[in-house]
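Just my_file_3.cif here, mmCIF, C-alpha atoms:
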```cif
data_data
#
loop_
_atom_site.label_atom_id
_atom_site.label_comp_id
_atom_site.auth_asym_id
_atom_site.auth_seq_id
_atom_site.Cartn_x
_atom_site.Cartn_y
_atom_site.Cartn_z
CA MET Q 6 2.61 -13.61 12.61
CA ALA Q 7 0.75 -10.74 10.96
CA ILE Q 8 -2.21 -12.96 10.07
CA GLU Q 9 -2.36 -14.41 13.59
CA HIS Q 10 -2.64 -10.90 15.00
CA GLY Q 11 -5.46 -9.92 12.63
CA ALA Q 12 -4.03 -8.76 9.30
CA ALA Q 13 -6.41 -9.20 6.35
CA ALA Q 14 -3.69 -8.65 3.76
CA LEU Q 15 0.09 -8.86 3.49
CA GLY Q 16 2.17 -6.25 1.68
CA LEU Q 17 5.18 -7.91 0.08
CA VAL Q 18 7.81 -5.33 -0.80
CA GLY Q 19 9.80 -5.83 -3.99
CA PRO Q 20 12.93 -3.88 -4.98
CA MET Q 21 12.66 -0.23 -3.87
CA PRO Q 22 14.97 2.79 -3.84
CA SER Q 23 14.35 3.17 -0.08
CA GLY Q 24 12.26 1.98 2.85
CA PRO Q 25 11.93 -1.08 5.13
CA GLY Q 26 10.73 -4.58 4.43
CA ILE Q 27 12.28 -5.23 1.01
CA ILE Q 28 12.43 -8.93 0.12
CA THR Q 29 13.36 -10.87 -3.01
CA ASN Q 30 10.88 -11.84 -5.70
CA GLU Q 31 11.58 -15.48 -4.84
CA THR Q 32 10.59 -14.86 -1.21
CA ILE Q 33 7.44 -13.01 -2.29
CA ALA Q 34 6.44 -15.94 -4.51
CA ALA Q 35 7.10 -18.43 -1.69
CA ILE Q 36 4.98 -16.47 0.80
CA THR Q 37 2.16 -15.96 -1.70
CA ALA Q 38 2.00 -19.70 -2.38
CA THR Q 39 1.33 -20.45 1.31
CA LEU Q 40 -1.34 -17.83 2.10
CA PRO Q 41 -4.88 -18.87 3.05
CA PRO Q 42 -7.48 -17.92 0.39
CA ALA Q 43 -9.03 -15.21 2.58
CA ILE Q 44 -5.76 -13.26 2.89
CA SER Q 45 -4.94 -10.80 0.12
CA SER Q 46 -1.37 -10.63 -1.16
CA PHE Q 47 -0.16 -7.19 -2.25
CA LEU Q 48 2.96 -6.88 -4.41
CA LEU Q 49 4.53 -3.49 -3.69
CA THR Q 50 6.27 -2.65 -6.95
CA SER Q 51 8.30 0.43 -7.80
CA GLU Q 52 8.15 -0.41 -11.49
CA THR Q 53 6.59 2.45 -13.47
CA VAL Q 54 6.29 0.89 -16.94
CA ALA Q 55 3.11 -1.15 -17.43
CA SER Q 56 4.87 -4.06 -19.16
CA ASN Q 57 7.41 -4.27 -16.32
CA ILE Q 58 4.64 -4.23 -13.72
CA ILE Q 59 2.95 -7.12 -15.56
CA GLN Q 60 6.21 -9.09 -15.61
CA HIS Q 61 6.81 -8.40 -11.92
CA GLN Q 62 3.39 -9.78 -10.93
CA GLN Q 63 3.88 -12.84 -13.14
CA LEU Q 64 7.07 -13.63 -11.22
CA VAL Q 65 5.43 -13.58 -7.79
CA HIS Q 66 1.71 -14.43 -8.35
CA THR Q 67 0.14 -12.03 -5.84
CA ASN Q 68 -3.57 -11.29 -6.24
CA THR Q 69 -3.07 -7.53 -5.91
CA ILE Q 70 -0.51 -5.07 -7.30
CA GLN Q 71 0.30 -1.98 -5.25
CA ILE Q 72 1.99 0.52 -7.57
CA VAL Q 73 4.03 2.83 -5.34
CA ASP Q 74 5.08 5.35 -8.00
CA ALA Q 75 3.30 7.02 -10.92
CA LEU Q 76 2.94 5.15 -14.21
CA SER Q 77 5.48 6.53 -16.68
CA GLU Q 78 4.64 4.34 -19.68
CA GLY Q 79 1.62 2.26 -20.61
CA THR Q 80 -1.83 2.22 -19.03
CA TYR Q 81 -3.78 0.62 -16.22
CA GLN Q 82 -6.02 -0.91 -18.88
CA GLN Q 83 -2.99 -2.64 -20.38
CA ILE Q 84 -2.20 -4.17 -16.97
CA LYS Q 85 -5.80 -5.26 -16.42
CA LYS Q 86 -6.00 -6.88 -19.86
CA ALA Q 87 -2.77 -8.82 -19.28
CA LEU Q 88 -3.67 -9.82 -15.71
CA PRO Q 89 -7.43 -10.46 -15.51
CA GLY Q 90 -8.65 -10.85 -11.96
CA ILE Q 91 -5.62 -9.11 -10.43
CA LYS Q 92 -6.52 -5.97 -8.47
CA ILE Q 93 -4.61 -2.72 -8.96
CA VAL Q 94 -4.01 -0.36 -6.04
CA GLN Q 95 -2.34 2.95 -6.90
CA VAL Q 96 -0.38 4.73 -4.18
CA ILE Q 97 -0.86 8.49 -3.99
CA HIS Q 98 1.75 10.35 -1.97
CA VAL Q 99 -0.29 13.10 -0.32
CA LEU Q 100 1.86 16.22 -0.57
CA ASN Q 101 -0.65 19.03 -1.18
CA GLU Q 102 -4.06 19.82 -2.70
CA HIS Q 103 -2.82 18.72 -6.14
CA SER Q 104 -2.67 15.20 -4.66
CA VAL Q 105 -6.45 15.29 -4.22
CA THR Q 106 -6.99 16.05 -7.91
CA GLU Q 107 -4.45 13.40 -8.93
CA ALA Q 108 -6.11 10.77 -6.73
CA LEU Q 109 -9.62 11.39 -8.03
CA GLU Q 110 -8.48 11.24 -11.66
CA ILE Q 111 -6.65 7.95 -11.12
CA ALA Q 112 -9.49 6.43 -9.07
CA GLU Q 113 -11.50 5.98 -12.27
CA GLN Q 114 -8.86 3.59 -13.65
CA VAL Q 115 -7.89 1.38 -10.68
CA ASP Q 116 -9.51 -0.87 -8.07
CA ALA Q 117 -8.38 1.11 -5.01
CA LEU Q 118 -6.17 3.96 -3.86
CA LEU Q 119 -3.63 3.97 -1.04
CA LEU Q 120 -2.70 7.32 0.49
CA ASP Q 121 0.85 7.50 1.83
CA SER Q 122 3.45 10.00 3.04
CA GLY Q 123 6.33 9.43 0.64
CA ASN Q 124 7.84 11.88 -1.78
CA PRO Q 125 8.57 10.63 -5.31
CA ASN Q 126 10.02 14.04 -6.25
CA LEU Q 127 13.23 13.62 -4.23
CA ASP Q 128 16.56 12.65 -5.86
CA VAL Q 129 16.26 9.28 -4.11
CA LYS Q 130 12.53 8.63 -4.23
CA VAL Q 131 10.81 7.92 -0.92
CA LEU Q 132 7.96 5.58 -1.81
CA GLY Q 133 6.74 4.42 1.60
CA GLY Q 134 7.83 3.17 4.99
CA THR Q 135 8.50 6.73 6.17
CA GLY Q 136 6.87 6.43 9.58
CA LYS Q 137 5.48 9.93 9.00
CA THR Q 138 1.89 11.08 8.78
CA HIS Q 139 0.56 13.49 6.16
CA ASN Q 140 -2.37 15.91 6.12
CA TRP Q 141 -5.30 13.66 6.97
CA ASN Q 142 -7.76 16.41 6.02
CA LEU Q 143 -6.60 16.04 2.41
CA SER Q 144 -6.96 12.27 2.72
CA LYS Q 145 -10.51 12.72 4.02
CA MET Q 146 -11.33 14.83 0.95
CA ILE Q 147 -10.12 11.99 -1.27
CA VAL Q 148 -12.09 9.35 0.68
CA ASP Q 149 -15.26 11.44 0.46
CA GLN Q 150 -15.02 11.83 -3.32
CA SER Q 151 -13.32 8.63 -4.50
CA SER Q 152 -15.23 6.14 -6.63
CA VAL Q 153 -13.11 3.26 -5.28
CA PRO Q 154 -12.02 2.09 -1.80
CA VAL Q 155 -9.20 4.06 -0.18
CA PHE Q 156 -6.51 2.69 2.14
CA LEU Q 157 -4.63 5.00 4.51
CA ALA Q 158 -0.91 4.66 5.25
CA GLY Q 159 1.89 6.82 6.59
CA GLY Q 160 3.01 6.96 10.19
CA ILE Q 161 0.04 5.06 11.58
CA ASN Q 162 0.67 3.31 14.89
CA ALA Q 163 -1.14 2.04 17.98
CA GLU Q 164 -1.28 5.55 19.45
CA ASN Q 165 -2.90 7.31 16.49
CA VAL Q 166 -4.77 4.62 14.55
CA ARG Q 167 -8.14 5.38 16.16
CA ALA Q 168 -7.75 9.07 15.33
CA ALA Q 169 -6.74 8.14 11.78
CA ILE Q 170 -9.83 5.97 11.34
CA ASP Q 171 -12.16 8.54 12.91
CA THR Q 172 -10.73 11.43 10.87
CA VAL Q 173 -10.29 9.84 7.45
CA GLN Q 174 -12.73 6.87 7.57
CA PRO Q 175 -10.67 4.81 5.11
CA PHE Q 176 -11.59 1.38 3.75
CA GLY Q 177 -8.48 -0.04 5.38
CA ILE Q 178 -5.20 0.78 7.12
CA ASP Q 179 -1.73 -0.01 5.78
CA LEU Q 180 1.27 -0.02 8.09
CA CYS Q 181 4.86 -1.11 8.12
CA SER Q 182 7.53 0.65 10.15
CA SER Q 183 5.41 1.17 13.29
CA VAL Q 184 5.15 -2.57 13.92
CA ARG Q 185 8.85 -3.34 13.44
CA THR Q 186 11.82 -3.50 15.79
CA ASN Q 187 15.29 -3.79 14.25
CA LYS Q 188 13.64 -4.13 10.82
CA GLN Q 189 11.66 -7.21 11.90
CA LEU Q 190 7.95 -7.55 12.66
CA ASP Q 191 7.45 -7.18 16.41
CA PRO Q 192 4.64 -9.32 17.90
CA GLN Q 193 4.14 -6.96 20.84
CA LYS Q 194 3.75 -3.95 18.54
CA LEU Q 195 1.37 -5.92 16.32
CA SER Q 196 -0.70 -6.93 19.33
CA ALA Q 197 -0.87 -3.36 20.63
CA PHE Q 198 -1.84 -2.08 17.18
CA PHE Q 199 -4.71 -4.51 16.66
CA LYS Q 200 -5.93 -3.97 20.22
CA ALA Q 201 -6.09 -0.24 19.46
CA VAL Q 202 -8.05 -0.93 16.26
CA TYR Q 203 -10.53 -3.48 17.60
CA GLY Q 204 -10.49 -2.77 21.34
#
```
What would you get if you wrote out this structure as structure tokens?
Amino acid sequence: MAIEHGAAALGLVGPMPSGPGIITNETIAAITATLPPAISSFLLTSETVASNIIQHQQLVHTNTIQIVDALSEGTYQQIKKALPGIKIVQVIHVLNEHSVTEALEIAEQVDALLLDSGNPNLDVKVLGGTGKTHNWNLSKMIVDQSSVPVFLAGGINAENVRAAIDTVQPFGIDLCSSVRTNKQLDPQKLSAFFKAVYG
């Protein structure tokens, strides 16, 4: 359904402490196996240890890994060496100006950044799917200075996506909760969203 409406990539959500769209590794692998070559498959992993991230990707065979929390052990280089050809997208939860510094330092080590509105500092980490926007001016600063492509996420919907694109000028848009009804993808919301993007 997402591809039919215009999605260029699918985000497949593995085990998470919170947020919508979580599916099993078996389901992720099954979906990945059926995707057309032109559609990117993003594994959203909350693993923070490089060796565990490698193992997670090897279970599901996506062509991209979206790391939704900060690495706690190991390096991006370790992941790249173990998984040649697999792209790494690091999520930065834009909380304040420190997030800009963090993003630009990490950009040198990954293939892309994704700016979201979670908060990994809470007792139960919020790592995406919040339906809330963050300070797009900070995101624009990251886009302007980043050495790699930057995706924008966090509370983006049919009503504000044009403003988000005009303000931040990201490489791409990531969305989840705004195109769901009762936790399921909603074709009407998808249609409205892509109409707002492409006119």
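Interatomic distance, atom CA of Q:Asp116 against atom CA of Q:Lys92: 5.9 Å.
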- request: Tell me which of Q:Ala197, Q:Val105, Q:Leu190, Q:Val184 sits closest to Q:Val148, counting all atoms listed in the file.
  value: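 Of Q:Ala197, Q:Val105, Q:Leu190, Q:Val184, the one nearest Q:Val148, counting all atoms listed in the file, is Q:Val105.
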task: Could you jot down the atom CA of Q:Gln63 to atom CA of Q:Gly79 separation for me, Å, one decimal place?
output: 17.0 Å
Test item: the PyMOL selection byres ((chain Q and resi 110) around 12) resolved as an mmCIF file with C-alpha atoms, keeping the file's coordinate frame:
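So the final result, stored in selection26.cif, reads:
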```cif
data_model
loop_
_atom_site.group_PDB
_atom_site.id
_atom_site.type_symbol
_atom_site.label_atom_id
_atom_site.label_comp_id
_atom_site.auth_asym_id
_atom_site.auth_seq_id
_atom_site.Cartn_x
_atom_site.Cartn_y
_atom_site.Cartn_z
ATOM 1 C CA GLN Q 95 -2.340 2.950 -6.900
ATOM 2 C CA ILE Q 97 -0.860 8.490 -3.990
ATOM 3 C CA HIS Q 103 -2.820 18.720 -6.140
ATOM 4 C CA SER Q 104 -2.670 15.200 -4.660
ATOM 5 C CA VAL Q 105 -6.450 15.290 -4.220
ATOM 6 C CA THR Q 106 -6.990 16.050 -7.910
ATOM 7 C CA GLU Q 107 -4.450 13.400 -8.930
ATOM 8 C CA ALA Q 108 -6.110 10.770 -6.730
ATOM 9 C CA LEU Q 109 -9.620 11.390 -8.030
ATOM 10 C CA ILE Q 111 -6.650 7.950 -11.120
ATOM 11 C CA ALA Q 112 -9.490 6.430 -9.070
ATOM 12 C CA GLU Q 113 -11.500 5.980 -12.270
ATOM 13 C CA GLN Q 114 -8.860 3.590 -13.650
ATOM 14 C CA VAL Q 115 -7.890 1.380 -10.680
ATOM 15 C CA LEU Q 118 -6.170 3.960 -3.860
ATOM 16 C CA ILE Q 147 -10.120 11.990 -1.270
ATOM 17 C CA GLN Q 150 -15.020 11.830 -3.320
ATOM 18 C CA SER Q 151 -13.320 8.630 -4.500
ATOM 19 C CA SER Q 152 -15.230 6.140 -6.630
ATOM 20 C CA VAL Q 153 -13.110 3.260 -5.280
#
```
- request: Run the PyMOL selection byres ((chain Q and resi 145) around 12) on the file and write out the hits as a list of chain:residue names.
  value: Q:Val99, Q:Glu102, Q:Ser104, Q:Val105, Q:Ala108, Q:Leu120, Q:His139, Q:Asn140, Q:Trp141, Q:Asn142, Q:Leu143, Q:Ser144, Q:Met146, Q:Ile147, Q:Val148, Q:Asp149, Q:Gln150, Q:Ser151, Q:Val155, Q:Phe156, Q:Leu157, Q:Ala169, Q:Ile170, Q:Asp171, Q:Thr172, Q:Val173, Q:Gln174, Q:Pro175, Q:Phe176
- prompt: Which residues, written as a ChimeraX atom specification, have at least one atom at most 12 Å from Q:Gly160, with only C-alpha atoms counted and residues fewer than 3 positions away on the same chain left out?
  reply: /Q:120-123,133-141,157,163-166,169,178-184
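The nearest approach to Q:Gly90 among the residues Q:Ile36, Q:Leu76, Q:Asp191, Q:His66, with only C-alpha atoms taken into account, belongs to Q:His66.
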- request: Step by step, work through what the PyMOL selection byres ((chain Q and resi 12) around 10) selects in the shown file, and finish by giving those residues as a list of chain:residue names.
  value: Q:Met6, Q:Ala7, Q:Ile8, Q:Glu9, Q:His10, Q:Gly11, Q:Ala13, Q:Ala14, Q:Leu15, Q:Ile44, Q:Ser45, Q:Ile178, Q:Asp179, Q:Leu195, Q:Phe199
Adding 3 Å on each side of the box along x, y and z that holds all listed atoms of stretch 192-195 of chain Q, could you give its centre and edge lengths in Å to one decimal, as JSON?
```
{"center_x": 3.0, "center_y": -6.6, "center_z": 18.6, "size_x": 9.3, "size_y": 11.4, "size_z": 10.5}
```
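Take the candidates Q:Ser56, Q:Ser46, Q:Asn101, Q:Thr37 and check each one against Q:Gln83 using all atoms listed in the file; the shortest distance goes to Q:Ser56.
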message: Please list, as a PyMOL selection string, the residues that have an atom at most 9 Å away from (2.0, -8.2, -13.9) in the coordinates of this file, counting all atoms listed in the file.
response: chain Q and resi 55-66+70+84-85+87-88+91
7 Å contact set for stretch 71-75 of chain Q, only C-alpha atoms, chain neighbours under 3 positions out, as a ChimeraX atom specification: /Q:47-51,53,93-96,125,132
Selection from above, C-alpha atoms, as a CSV table (one decimal), in the frame of the given file, can you write it?
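Saved the output as result.csv:
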```
chain,number,residue,atom,x,y,z
Q,47,PHE,CA,-0.2,-7.2,-2.2
Q,48,LEU,CA,3.0,-6.9,-4.4
Q,49,LEU,CA,4.5,-3.5,-3.7
Q,50,THR,CA,6.3,-2.6,-7.0
Q,51,SER,CA,8.3,0.4,-7.8
Q,53,THR,CA,6.6,2.4,-13.5
Q,93,ILE,CA,-4.6,-2.7,-9.0
Q,94,VAL,CA,-4.0,-0.4,-6.0
Q,95,GLN,CA,-2.3,3.0,-6.9
Q,96,VAL,CA,-0.4,4.7,-4.2
Q,125,PRO,CA,8.6,10.6,-5.3
Q,132,LEU,CA,8.0,5.6,-1.8
```
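The gap separating atom CA of Q:Pro42 from atom CA of Q:Ala117 is 19.8 Å, in Å to one decimal.
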